[in-house]
Structures are given as structure tokens and as C-alpha cells.
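K.L.:
One file: my_file_8.cif (mmCIF, C-alpha atoms).
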data_model
#
loop_
_atom_site.label_atom_id
_atom_site.label_comp_id
_atom_site.auth_asym_id
_atom_site.auth_seq_id
_atom_site.Cartn_x
_atom_site.Cartn_y
_atom_site.Cartn_z
CA MET R 22 84.30 100.92 124.77
CA THR R 23 85.24 102.36 128.18
CA PRO R 24 88.37 100.65 129.52
CA ALA R 25 88.25 99.01 132.92
CA PRO R 26 90.28 100.54 135.76
CA THR R 27 93.92 99.71 135.24
CA SER R 28 97.07 99.30 137.27
CA GLY R 29 98.79 102.23 135.63
CA GLY R 30 100.82 100.31 133.04
CA PRO R 31 100.75 101.27 129.37
CA LEU R 32 98.29 100.20 126.72
CA LEU R 33 100.39 97.96 124.46
CA LEU R 34 99.18 97.81 120.84
CA LEU R 35 100.85 95.16 118.69
CA ASP R 36 100.87 95.08 114.89
CA GLY R 37 100.07 91.39 114.60
CA ALA R 38 100.98 90.61 110.99
CA SER R 39 104.12 92.76 111.11
CA LEU R 40 105.42 90.82 114.10
CA TRP R 41 104.52 87.30 113.04
CA PHE R 42 106.00 87.91 109.57
CA ARG R 43 109.25 88.85 111.29
CA ALA R 44 109.03 85.85 113.59
CA PHE R 45 108.47 83.56 110.59
CA HIS R 46 111.60 84.81 108.84
CA ALA R 47 113.72 84.87 112.02
CA ILE R 48 112.99 81.34 113.28
CA PRO R 49 114.02 78.27 111.22
CA GLU R 50 111.15 76.55 109.39
CA LYS R 51 112.49 73.16 110.49
CA ILE R 52 110.83 73.76 113.88
CA THR R 53 107.56 71.86 113.63
CA ALA R 54 104.68 70.51 115.69
CA PRO R 55 104.49 66.74 116.39
CA ASP R 56 102.22 66.37 113.36
CA GLY R 57 104.73 68.09 111.07
CA ARG R 58 103.08 71.52 110.82
CA SER R 59 105.38 74.54 110.85
CA VAL R 60 105.25 76.47 114.12
CA ASN R 61 108.22 78.80 113.76
CA ALA R 62 106.08 81.96 113.48
CA LEU R 63 103.87 80.88 116.37
CA ARG R 64 106.83 80.19 118.64
CA GLY R 65 108.65 83.37 117.67
CA PHE R 66 105.56 85.57 117.98
CA THR R 67 104.67 84.09 121.38
CA ASP R 68 108.19 84.80 122.61
CA MET R 69 107.90 88.38 121.30
CA VAL R 70 104.66 88.93 123.22
CA ALA R 71 106.14 87.43 126.40
CA SER R 72 109.24 89.62 126.07
CA LEU R 73 107.20 92.79 125.50
CA ILE R 74 104.96 92.07 128.49
CA THR R 75 107.96 91.36 130.71
CA LYS R 76 109.79 94.54 129.69
CA HIS R 77 106.90 97.01 129.54
CA THR R 78 104.40 95.53 132.09
CA PRO R 79 101.28 96.69 130.26
CA SER R 80 97.94 96.94 132.02
CA ARG R 81 96.13 96.43 128.71
CA LEU R 82 97.14 94.77 125.45
CA VAL R 83 95.59 94.39 121.99
CA VAL R 84 96.98 92.46 119.03
CA CYS R 85 95.74 94.42 116.01
CA LEU R 86 94.74 92.58 112.84
CA ASP R 87 94.44 93.21 109.11
CA LEU R 88 90.84 92.48 108.14
CA ASN R 89 91.68 93.91 104.72
CA TRP R 90 95.39 94.33 103.98
CA ARG R 91 94.63 96.44 100.85
CA PRO R 92 91.55 98.55 101.62
CA ALA R 93 89.36 99.52 98.68
CA PHE R 94 89.47 103.24 99.40
CA ARG R 95 93.28 103.24 99.24
CA VAL R 96 93.37 101.23 96.02
CA GLU R 97 90.80 103.54 94.42
CA LEU R 98 92.95 106.55 95.24
CA VAL R 99 96.31 104.98 94.29
CA PRO R 100 95.85 101.77 92.24
CA SER R 101 99.51 100.81 92.69
CA TYR R 102 99.04 100.60 96.47
CA LYS R 103 100.59 97.26 97.53
CA ALA R 104 99.87 95.88 94.05
CA HIS R 105 103.29 94.22 93.92
CA ARG R 106 102.32 92.08 96.93
CA LEU R 107 99.34 90.48 95.22
CA ASP R 108 99.46 86.68 95.05
CA THR R 109 99.42 85.80 91.36
CA ALA R 110 99.19 82.03 91.86
CA ALA R 111 96.40 80.46 89.84
CA ASP R 112 94.71 78.95 92.90
CA SER R 113 94.76 82.15 94.96
CA ALA R 114 91.67 84.14 95.84
CA PRO R 115 91.38 87.41 93.89
CA GLY R 116 93.13 90.19 95.80
CA ALA R 117 94.92 87.78 98.15
CA GLU R 118 98.24 88.82 99.63
CA GLU R 119 101.30 86.76 98.76
CA VAL R 120 102.15 85.02 102.04
CA PRO R 121 104.52 82.08 102.58
CA ASP R 122 102.55 78.82 102.46
CA ARG R 123 103.88 77.73 105.83
CA LEU R 124 102.90 80.99 107.52
CA THR R 125 99.20 81.16 106.58
CA PRO R 126 98.06 78.21 108.77
CA GLN R 127 100.04 79.56 111.70
CA VAL R 128 97.96 82.73 111.86
CA GLU R 129 94.88 80.78 112.98
CA MET R 130 97.05 78.87 115.43
CA ILE R 131 98.30 82.15 116.90
CA LEU R 132 94.75 83.48 117.22
CA ASP R 133 93.70 80.29 119.03
CA LEU R 134 96.62 80.72 121.42
CA LEU R 135 95.78 84.38 122.11
CA ALA R 136 92.13 83.49 122.80
CA ALA R 137 93.12 80.79 125.31
CA ALA R 138 95.53 83.19 127.01
CA GLY R 139 92.86 85.89 127.21
CA ILE R 140 94.76 88.44 125.12
CA ALA R 141 92.47 90.70 123.10
CA THR R 142 92.64 91.03 119.34
CA GLY R 143 91.14 93.93 117.42
CA GLY R 144 90.08 94.55 113.86
CA ALA R 145 88.00 96.91 111.75
CA ALA R 146 85.98 95.72 108.76
CA GLY R 147 87.62 96.64 105.45
CA LEU R 148 90.71 98.16 107.07
CA GLU R 149 94.33 97.39 107.88
CA ALA R 150 95.96 96.82 111.25
CA ASP R 151 97.52 100.29 110.82
CA ASP R 152 94.03 101.79 111.02
CA VAL R 153 93.19 99.76 114.12
CA LEU R 154 96.43 100.89 115.76
CA GLY R 155 95.74 104.48 114.72
CA THR R 156 92.22 104.45 116.10
CA LEU R 157 93.05 102.82 119.44
CA ALA R 158 96.09 105.05 119.98
CA THR R 159 94.30 108.26 119.00
CA ARG R 160 91.22 107.72 121.12
CA GLU R 161 93.07 106.58 124.27
CA ARG R 162 92.64 108.99 127.17
CA THR R 163 93.64 106.85 130.17
CA ASP R 164 96.99 105.07 129.83
CA PRO R 165 100.25 105.84 128.02
CA VAL R 166 100.30 104.02 124.68
CA MET R 167 103.07 101.98 123.11
CA VAL R 168 102.60 100.84 119.51
CA VAL R 169 104.87 97.98 118.42
CA SER R 170 105.40 97.49 114.69
CA GLY R 171 107.97 96.96 111.98
CA ASP R 172 106.16 99.51 109.80
CA ARG R 173 107.64 103.01 109.84
CA ASP R 174 104.30 104.48 108.76
CA LEU R 175 103.13 104.14 112.36
CA LEU R 176 105.62 106.84 113.42
CA GLN R 177 102.87 109.26 112.42
CA LEU R 178 101.06 108.31 115.66
CA VAL R 179 103.64 109.68 118.11
CA ARG R 180 102.40 112.44 120.41
CA ASP R 181 103.02 114.13 123.73
CA ASN R 182 99.67 115.90 123.77
CA PRO R 183 96.80 115.52 124.23
CA HIS R 184 97.67 113.31 127.18
CA PRO R 185 98.43 110.41 127.40
CA PRO R 186 101.58 110.17 125.28
CA VAL R 187 101.93 107.75 122.37
CA ARG R 188 105.25 106.10 121.62
CA VAL R 189 106.15 103.75 118.77
CA LEU R 190 108.56 100.87 119.28
CA TYR R 191 109.87 100.35 115.75
CA ALA R 192 110.90 96.72 115.32
CA GLY R 193 111.86 96.74 111.67
CA ARG R 194 115.13 94.94 112.52
CA GLY R 195 113.61 92.74 115.21
CA LEU R 196 112.83 93.35 118.87
CA ALA R 197 116.46 93.08 119.94
CA LYS R 198 117.29 96.17 117.86
CA ALA R 199 113.96 97.96 118.28
CA GLU R 200 114.00 101.76 118.55
CA LEU R 201 111.58 103.72 120.73
CA PHE R 202 110.22 106.87 119.11
CA GLY R 203 108.39 109.85 120.50
CA PRO R 204 108.06 113.27 118.85
CA ALA R 205 111.63 114.25 119.77
CA GLU R 206 113.15 111.07 118.31
CA VAL R 207 111.12 111.33 115.10
CA ALA R 208 112.15 114.97 114.71
CA THR R 209 115.82 114.17 115.31
CA LYS R 210 116.01 111.17 112.99
CA TYR R 211 113.88 112.44 110.12
CA GLY R 212 114.39 116.19 110.31
CA VAL R 213 110.74 117.14 110.76
CA PRO R 214 109.32 119.68 113.25
CA GLU R 215 108.99 118.24 116.76
CA ALA R 216 105.82 120.21 117.51
CA ASN R 217 103.81 118.17 115.03
CA ALA R 218 106.26 115.32 114.42
CA GLY R 219 103.67 112.62 113.83
CA ARG R 220 101.65 114.48 111.22
CA ALA R 221 104.83 115.92 109.72
CA TYR R 222 106.25 112.42 109.29
CA ALA R 223 103.13 111.37 107.35
CA ASP R 224 103.45 114.49 105.16
CA MET R 225 107.12 113.75 104.51
CA ALA R 226 106.29 110.12 103.64
CA THR R 227 103.64 111.29 101.20
CA LEU R 228 106.17 113.46 99.38
CA ARG R 229 109.00 110.92 99.22
CA GLY R 230 106.81 107.86 98.58
CA ASP R 231 107.33 104.30 99.77
CA ALA R 232 108.29 101.58 97.31
CA SER R 233 107.36 98.87 99.82
CA ASP R 234 103.75 100.08 99.67
CA GLY R 235 103.68 100.86 95.96
CA LEU R 236 103.65 104.63 96.52
CA PRO R 237 105.94 106.36 94.00
CA GLY R 238 106.14 109.76 95.69
CA VAL R 239 106.97 113.00 93.91
CA PRO R 240 109.69 112.48 91.28
CA GLY R 241 112.91 114.14 92.35
CA ILE R 242 112.00 114.42 96.04
CA GLY R 243 113.73 112.11 98.52
CA ASP R 244 113.96 111.84 102.30
CA LYS R 245 116.08 114.93 102.86
CA SER R 246 114.32 117.29 100.48
CA ALA R 247 110.91 116.14 101.73
CA ALA R 248 111.95 116.81 105.34
CA VAL R 249 113.33 120.24 104.45
CA LEU R 250 110.10 121.20 102.70
CA ILE R 251 107.87 120.07 105.56
CA SER R 252 110.12 121.77 108.11
CA ARG R 253 110.06 125.02 106.18
CA PHE R 254 106.32 125.15 105.51
CA GLY R 255 105.02 123.15 108.48
CA SER R 256 102.65 120.85 106.66
CA LEU R 257 101.86 119.36 103.27
CA GLU R 258 98.80 121.59 103.01
CA ALA R 259 100.87 124.73 103.58
CA LEU R 260 103.51 123.54 101.12
CA ARG R 261 100.91 122.96 98.43
CA ALA R 262 99.43 126.41 99.05
CA ALA R 263 102.90 127.89 98.61
CA VAL R 264 103.17 126.38 95.13
CA ASP R 265 100.57 128.88 93.91
CA ASP R 266 101.88 131.77 96.00
CA PRO R 267 104.42 133.78 94.00
CA GLU R 268 105.73 135.35 97.21
CA ALA R 269 106.53 132.00 98.85
CA ASP R 270 110.17 130.96 99.33
CA LEU R 271 110.06 128.09 96.87
CA ALA R 272 112.42 127.55 93.95
CA GLN R 273 110.85 127.40 90.51
CA GLY R 274 112.17 123.91 89.88
CA MET R 275 110.54 122.64 93.07
CA ARG R 276 107.32 124.44 92.23
CA ALA R 277 107.27 122.63 88.91
CA LYS R 278 107.82 119.24 90.54
CA LEU R 279 105.06 119.78 93.07
CA ARG R 280 102.67 121.25 90.52
CA GLY R 281 103.27 118.27 88.25
CA ALA R 282 102.50 115.88 91.12
CA ALA R 283 99.37 117.70 92.33
CA THR R 284 96.97 114.92 91.36
CA TYR R 285 99.16 112.29 93.00
CA LEU R 286 99.53 114.28 96.22
CA THR R 287 95.78 114.77 96.52
CA ALA R 288 95.26 111.03 96.20
CA ALA R 289 98.25 109.85 98.23
CA ALA R 290 97.81 111.95 101.37
CA PRO R 291 94.75 110.02 102.67
CA VAL R 292 96.39 106.74 101.64
CA VAL R 293 99.47 107.38 103.78
CA ARG R 294 97.57 108.70 106.79
CA VAL R 295 96.11 105.98 108.97
CA VAL R 296 92.42 106.00 109.79
CA CYS R 297 91.92 107.23 113.36
CA ASP R 298 88.17 106.83 113.73
CA ALA R 299 87.58 103.25 112.60
CA ALA R 300 84.82 101.05 114.02
CA VAL R 301 87.21 98.75 115.89
CA GLU R 302 85.84 95.55 117.39
CA LEU R 303 87.74 93.74 120.13
CA SER R 304 87.54 90.00 120.71
CA ARG R 305 87.36 90.59 124.48
CA PRO R 306 88.12 93.38 126.99
CA ASP R 307 91.66 94.67 126.52
CA VAL R 308 92.76 94.35 130.16
CA LEU R 309 95.68 91.92 130.28
CA PRO R 310 94.78 89.06 132.63
CA SER R 311 97.28 87.89 135.22
CA ALA R 312 96.66 84.27 134.25
CA PRO R 313 95.29 82.52 131.13
CA VAL R 314 91.50 82.58 130.89
CA ASP R 315 91.49 79.00 129.59
CA PRO R 316 94.61 77.34 131.00
CA ASP R 317 93.56 73.82 130.00
CA ARG R 318 93.14 74.85 126.38
CA LEU R 319 96.42 76.78 126.44
CA HIS R 320 98.35 73.76 127.75
CA GLU R 321 96.64 71.60 125.12
CA LEU R 322 97.81 73.99 122.41
CA ALA R 323 101.31 74.08 123.90
CA ALA R 324 101.59 70.32 123.44
CA ALA R 325 99.92 70.27 120.02
CA TYR R 326 102.17 73.05 118.67
CA ASN R 327 105.46 72.00 120.30
CA ALA R 328 105.40 75.38 122.02
CA GLU R 329 105.67 74.51 125.71
CA SER R 330 108.67 76.78 126.32
CA PRO R 331 107.35 80.02 124.75
CA ILE R 332 103.87 79.49 126.20
CA THR R 333 105.37 78.93 129.66
CA ARG R 334 107.28 82.20 129.25
CA LEU R 335 104.06 83.95 128.20
CA ILE R 336 102.18 82.66 131.25
CA LYS R 337 105.01 83.77 133.54
CA ALA R 338 105.09 87.21 131.89
CA MET R 339 101.35 87.68 132.35
CA GLY R 340 101.67 86.81 136.03
CA THR R 341 104.50 89.24 136.70
CA ALA R 342 102.96 92.17 134.78
CA HIS R 343 100.49 92.82 137.61
#
Let me see the structure of the file written as C-alpha cells.

P.N.:
Amino acid sequence: MTPAPTSGGPLLLLDGASLWFRAFHAIPEKITAPDGRSVNALRGFTDMVASLITKHTPSRLVVCLDLNWRPAFRVELVPSYKAHRLDTAADSAPGAEEVPDRLTPQVEMILDLLAAAGIATGGAAGLEADDVLGTLATRERTDPVMVVSGDRDLLQLVRDNPHPPVRVLYAGRGLAKAELFGPAEVATKYGVPEANAGRAYADMATLRGDASDGLPGVPGIGDKSAAVLISRFGSLEALRAAVDDPEADLAQGMRAKLRGAATYLTAAAPVVRVVCDAAVELSRPDVLPSAPVDPDRLHELAAAYNAESPITRLIKAMGTAH
């Protein structure tokens, strides 16, 4: 899809599930619609979007969705991938993610709200939002990109070149404490080479593992040792080649650890790296409208969801972003 001419603002890519999960846990569940339905995630997420638009004045915006939160190719490579998040309730669909009961209905409500506002959503069959974010960020050649997520894995997308730059606003502790990362910030915080900070971060994450995703990593290698290894050798591929090179500057104990984890590393590397060439489908063009495309429907939803205040802030933000 060729983007329409823009006003020069950034392309804002939001990790939908990451943000509405955080909104759900940050806003009291006692906030309900007139009919008693929980709307805390909807209200909090809408306020997040309004705040991001106001602060960053994007020309284009996409809320990226999980069409499969546990893709088959990742599970085949590493069966433990997100296995601890599976919903084990008897009435759950096989492979369903464990999600708070009061959050699930709000996702459809949020999507209805976004459609009425005219804000694009994007997904890719069989893939996670991470892969949608990765694809849209990687293929962008017009506007600077800002990815907003509470998932550190997305730090692998930062770049200065090829133009335009990609930055990640990491909101793991909420938007108020969000940190903006480019290659320099990733290199400084995680000790990886700045020249290839995004890819180096993914390589470091592969080595150290990630318990939140069910990735055990290489036994005996943590954040610091993983960063040192990637900094010294430049990439996971070069590090693995050094294991079999007797002339390489690699201690025997470390060689043994890496050699013992060879099968895991082969499988885990493509699991950690986001897909950057997915067949992404957008619900509508990604240009952010200056006013809701269906204002009557949006005002109807505002009343039905007890969300007049956040929706008013969203409408105002859309109008001032242009």
C-alpha cells in the first residue's frame, strides 16, 4: 500500500493489546458503562491514544493487532513459547490466551470506537502484533516511525538508516514513565553496539532468554554476559562461528555453554526476531483524519460506554494534530 501524501508528522504504530492490557490494570474495574459492562480498558486506552496524538502529532496512525498471539511457527520451534499464558479453563477454546474476563469484551468495544473515529487497525493472518509492527516499521520509506509498546522485544526495530528513522517508545511502566529509544539509547542501556543496535538487541535477547515469553535462554548467560558477547563478536551468527574457531577469543567454559545450547539457539533466533515482511492488512488508509469519519456513531458509543470525556479528548487531539 502506497501511503497518501502526509503533513510531515510521524507514522505512529501502536501495540494494541500491550496498551489496553496496561490500561485495564491501571484503571479501576469499578468504572462501568450504564448497563454495567466494564469500560476501564476502553477509557484508559482511548486516553492513551489521545495523549500520544497530542504529544507526537502523527500524520498517520495504525493500531496493530494480534491475529494469533502464539504463532504456529514459533511454537514449533520452541514449544515453551508463551505456554504459561495458555488459558486452562475448561470452557476455553484450545490455544486461547488467558485474559481477564472483564477485558475480553472491551477489545471489540475498542475496535468499534477506532472504526468510528477513522483510526486504522492492522493485522496479519497467523501472526502477532509484533510482526505487524515490525513489517510496517521496516517497510516505511516516507515518514519517521514511532512504535509504542510495553514489550521490550520491539527495541530490535530501532534504526537511523535506511531513512526514515525508527524509534520505540517503551511504555512498560505506563505512558507517564515511557522511555524513547533509538540506536544510541539501546546501546547505552543494554551495552550492545550502536551501529547495529536493533539487531544486536534481538541477538542479546536470544542468548539471555525471556521468562515472560517462555524462552529459557542459554543456561549461565544473563543480560551482562550476553551483551558483552554480542559487543565482542558483533552478532549471534559471528559468536556461534567463533565457538568452532579455536583461534577465537572465547573462554572454554563459554564455548561449552554455547555448544551445549546450539539446538536451542538455532530454534530461538527466528522466534525472537519479529517478522518484517508479513502480509499486513489495514482496516482503512492509515492517514489520521482531522475529525471522526462517523461522528454520530462515535457519540453514540461515547454515551453507551460512559466514555464521553476520553472520546472528547480523542476528537480534540485528532483536530489539533493537523

K.L.:
Could you tell me how far atom CA of R:Arg229 sits from atom CA of R:Leu148, in Å to one decimal place?

P.N.:
23.6 Å

K.L.:
Between R:Val308, R:Val239, R:Leu86, R:Val296, single out the one closest to R:Arg280, counting all atoms listed in the file.

P.N.:
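Of R:Val308, R:Val239, R:Leu86, R:Val296, the one nearest R:Arg280 is R:Val239, counting all atoms listed in the file.
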
K.L.:
Please list as a PyMOL selection string every residue within 7 Å of stretch 119-129 of chain R, counting only C-alpha atoms and excluding residues in the same chain fewer than 2 positions away.

P.N.:
chain R and resi 45+59-60+62-63+106-108+117+131-133

K.L.:
If you keep C-alpha atoms, can you produce a file of those selected residues as a PDB file, in the coordinates of the input?

P.N.:
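result.pdb was written with the following content:
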ATOM      1  CA  PHE R  45     108.470  83.560 110.590  1.00  0.00           C
ATOM      2  CA  SER R  59     105.380  74.540 110.850  1.00  0.00           C
ATOM      3  CA  VAL R  60     105.250  76.470 114.120  1.00  0.00           C
ATOM      4  CA  ALA R  62     106.080  81.960 113.480  1.00  0.00           C
ATOM      5  CA  LEU R  63     103.870  80.880 116.370  1.00  0.00           C
ATOM      6  CA  ARG R 106     102.320  92.080  96.930  1.00  0.00           C
ATOM      7  CA  LEU R 107      99.340  90.480  95.220  1.00  0.00           C
ATOM      8  CA  ASP R 108      99.460  86.680  95.050  1.00  0.00           C
ATOM      9  CA  ALA R 117      94.920  87.780  98.150  1.00  0.00           C
ATOM     10  CA  ILE R 131      98.300  82.150 116.900  1.00  0.00           C
ATOM     11  CA  LEU R 132      94.750  83.480 117.220  1.00  0.00           C
ATOM     12  CA  ASP R 133      93.700  80.290 119.030  1.00  0.00           C
TER      13      ASP R 133
END

K.L.:
Could you tell me which residues the PyMOL selection byres ((chain R and resi 30) around 12) grabs in this file, written as a count of residues only?

P.N.:
26

K.L.:
Name the residues in contact with R:Glu329 at a cut-off of 12 Å, using all atoms listed in the file, excluding same-chain residues fewer than 2 positions from it; report them as a count of residues only.

P.N.:
22

K.L.:
With distances taken over all atoms listed in the file, which of R:Leu196, R:Ala205, R:Ala283, R:Val187 is nearest to R:Thr227?

P.N.:
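Of the candidates, the smallest distance to R:Thr227 is held by R:Ala283.
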
K.L.:
Calculate how many Å separate atom CA of R:Asp224 from atom CA of R:Leu257, rounding to one decimal.

P.N.:
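Answer for the atom CA of R:Asp224 to atom CA of R:Leu257 separation: 5.5 Å.
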
K.L.:
For a cut-off of 6 Å around (105.4, 111.1, 118.1), file coordinates, pick out all residues using all atoms listed in the file and list them as a PDB file with C-alpha atoms, in the coordinates of the input.

P.N.:
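Generated output (point.pdb):
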ATOM      1  CA  LEU R 178     101.060 108.310 115.660  1.00  0.00           C
ATOM      2  CA  VAL R 179     103.640 109.680 118.110  1.00  0.00           C
ATOM      3  CA  ARG R 180     102.400 112.440 120.410  1.00  0.00           C
ATOM      4  CA  GLY R 203     108.390 109.850 120.500  1.00  0.00           C
ATOM      5  CA  PRO R 204     108.060 113.270 118.850  1.00  0.00           C
ATOM      6  CA  ALA R 218     106.260 115.320 114.420  1.00  0.00           C
ATOM      7  CA  GLY R 219     103.670 112.620 113.830  1.00  0.00           C
TER       8      GLY R 219
END

K.L.:
Using only C-alpha atoms, give me every residue within 12 Å of (103.4, 94.4, 105.7) in file coordinates, as number ranges by chain.

P.N.:
R: 36-43, 86-87, 89-91, 102-103, 105-107, 118-120, 149-151, 170-175, 193, 233-235

K.L.:
Just to be explicit: take each residue in the selection above, keep C-alpha atoms, and write the result as a PDB file, in the coordinates of the input.

P.N.:
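Now in again-v5.pdb:
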ATOM      1  CA  ASP R  36     100.870  95.080 114.890  1.00  0.00           C
ATOM      2  CA  GLY R  37     100.070  91.390 114.600  1.00  0.00           C
ATOM      3  CA  ALA R  38     100.980  90.610 110.990  1.00  0.00           C
ATOM      4  CA  SER R  39     104.120  92.760 111.110  1.00  0.00           C
ATOM      5  CA  LEU R  40     105.420  90.820 114.100  1.00  0.00           C
ATOM      6  CA  TRP R  41     104.520  87.300 113.040  1.00  0.00           C
ATOM      7  CA  PHE R  42     106.000  87.910 109.570  1.00  0.00           C
ATOM      8  CA  ARG R  43     109.250  88.850 111.290  1.00  0.00           C
ATOM      9  CA  LEU R  86      94.740  92.580 112.840  1.00  0.00           C
ATOM     10  CA  ASP R  87      94.440  93.210 109.110  1.00  0.00           C
ATOM     11  CA  ASN R  89      91.680  93.910 104.720  1.00  0.00           C
ATOM     12  CA  TRP R  90      95.390  94.330 103.980  1.00  0.00           C
ATOM     13  CA  ARG R  91      94.630  96.440 100.850  1.00  0.00           C
ATOM     14  CA  TYR R 102      99.040 100.600  96.470  1.00  0.00           C
ATOM     15  CA  LYS R 103     100.590  97.260  97.530  1.00  0.00           C
ATOM     16  CA  HIS R 105     103.290  94.220  93.920  1.00  0.00           C
ATOM     17  CA  ARG R 106     102.320  92.080  96.930  1.00  0.00           C
ATOM     18  CA  LEU R 107      99.340  90.480  95.220  1.00  0.00           C
ATOM     19  CA  GLU R 118      98.240  88.820  99.630  1.00  0.00           C
ATOM     20  CA  GLU R 119     101.300  86.760  98.760  1.00  0.00           C
ATOM     21  CA  VAL R 120     102.150  85.020 102.040  1.00  0.00           C
ATOM     22  CA  GLU R 149      94.330  97.390 107.880  1.00  0.00           C
ATOM     23  CA  ALA R 150      95.960  96.820 111.250  1.00  0.00           C
ATOM     24  CA  ASP R 151      97.520 100.290 110.820  1.00  0.00           C
ATOM     25  CA  SER R 170     105.400  97.490 114.690  1.00  0.00           C
ATOM     26  CA  GLY R 171     107.970  96.960 111.980  1.00  0.00           C
ATOM     27  CA  ASP R 172     106.160  99.510 109.800  1.00  0.00           C
ATOM     28  CA  ARG R 173     107.640 103.010 109.840  1.00  0.00           C
ATOM     29  CA  ASP R 174     104.300 104.480 108.760  1.00  0.00           C
ATOM     30  CA  LEU R 175     103.130 104.140 112.360  1.00  0.00           C
ATOM     31  CA  GLY R 193     111.860  96.740 111.670  1.00  0.00           C
ATOM     32  CA  SER R 233     107.360  98.870  99.820  1.00  0.00           C
ATOM     33  CA  ASP R 234     103.750 100.080  99.670  1.00  0.00           C
ATOM     34  CA  GLY R 235     103.680 100.860  95.960  1.00  0.00           C
TER      35      GLY R 235
END

K.L.:
Counting all atoms listed in the file, which residue out of R:Pro310, R:Gly255, R:Gly238, R:Gly143 sits closest to R:Gly212?

P.N.:
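For R:Gly212, the nearest of the candidates is R:Gly255.
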
K.L.:
Any idea what the distance is between atom CA of R:Met225 and atom CA of R:Val207?

P.N.:
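Interatomic distance here is 11.6 Å.
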
K.L.:
Which one is closest to R:Leu286: R:Ala192, R:Ala216, R:Ala104, R:Leu98? Count all atoms listed in the file.

P.N.:
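Among the listed residues, R:Leu98 lies closest to R:Leu286.
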
K.L.:
Quick one: 5 Å padding each side, axis-aligned, all listed atoms of stretch 260-273 of chain R - centre and edge lengths in Å to one decimal, as lines of an AutoDock Vina configuration file?

P.N.:
center_x = 105.9
center_y = 129.2
center_z = 95.8
size_x = 23.0
size_y = 22.4
size_z = 20.6

K.L.:
Name the residues captured by the PyMOL selection byres ((chain R and resi 156) around 12) when it is applied to the shown file; answer as number ranges by chain.

P.N.:
R: 34, 85, 143-145, 148-155, 157-162, 166, 168, 175, 178, 294-302

K.L.:
Nearest to R:Glu258: which of R:Thr287, R:Gln273, R:Ser246, R:Thr209 is it, counting only C-alpha atoms?

P.N.:
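Looking only at the distances to R:Glu258, the closest residue turns out to be R:Thr287.
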
K.L.:
Can you work out which one of R:Met130, R:Ala197, R:Ala263, R:Leu35 has the shortest atom-to-atom distance to R:Val83, counting all atoms listed in the file?

P.N.:
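Using all atoms listed in the file, the shortest distance to R:Val83 belongs to R:Leu35.
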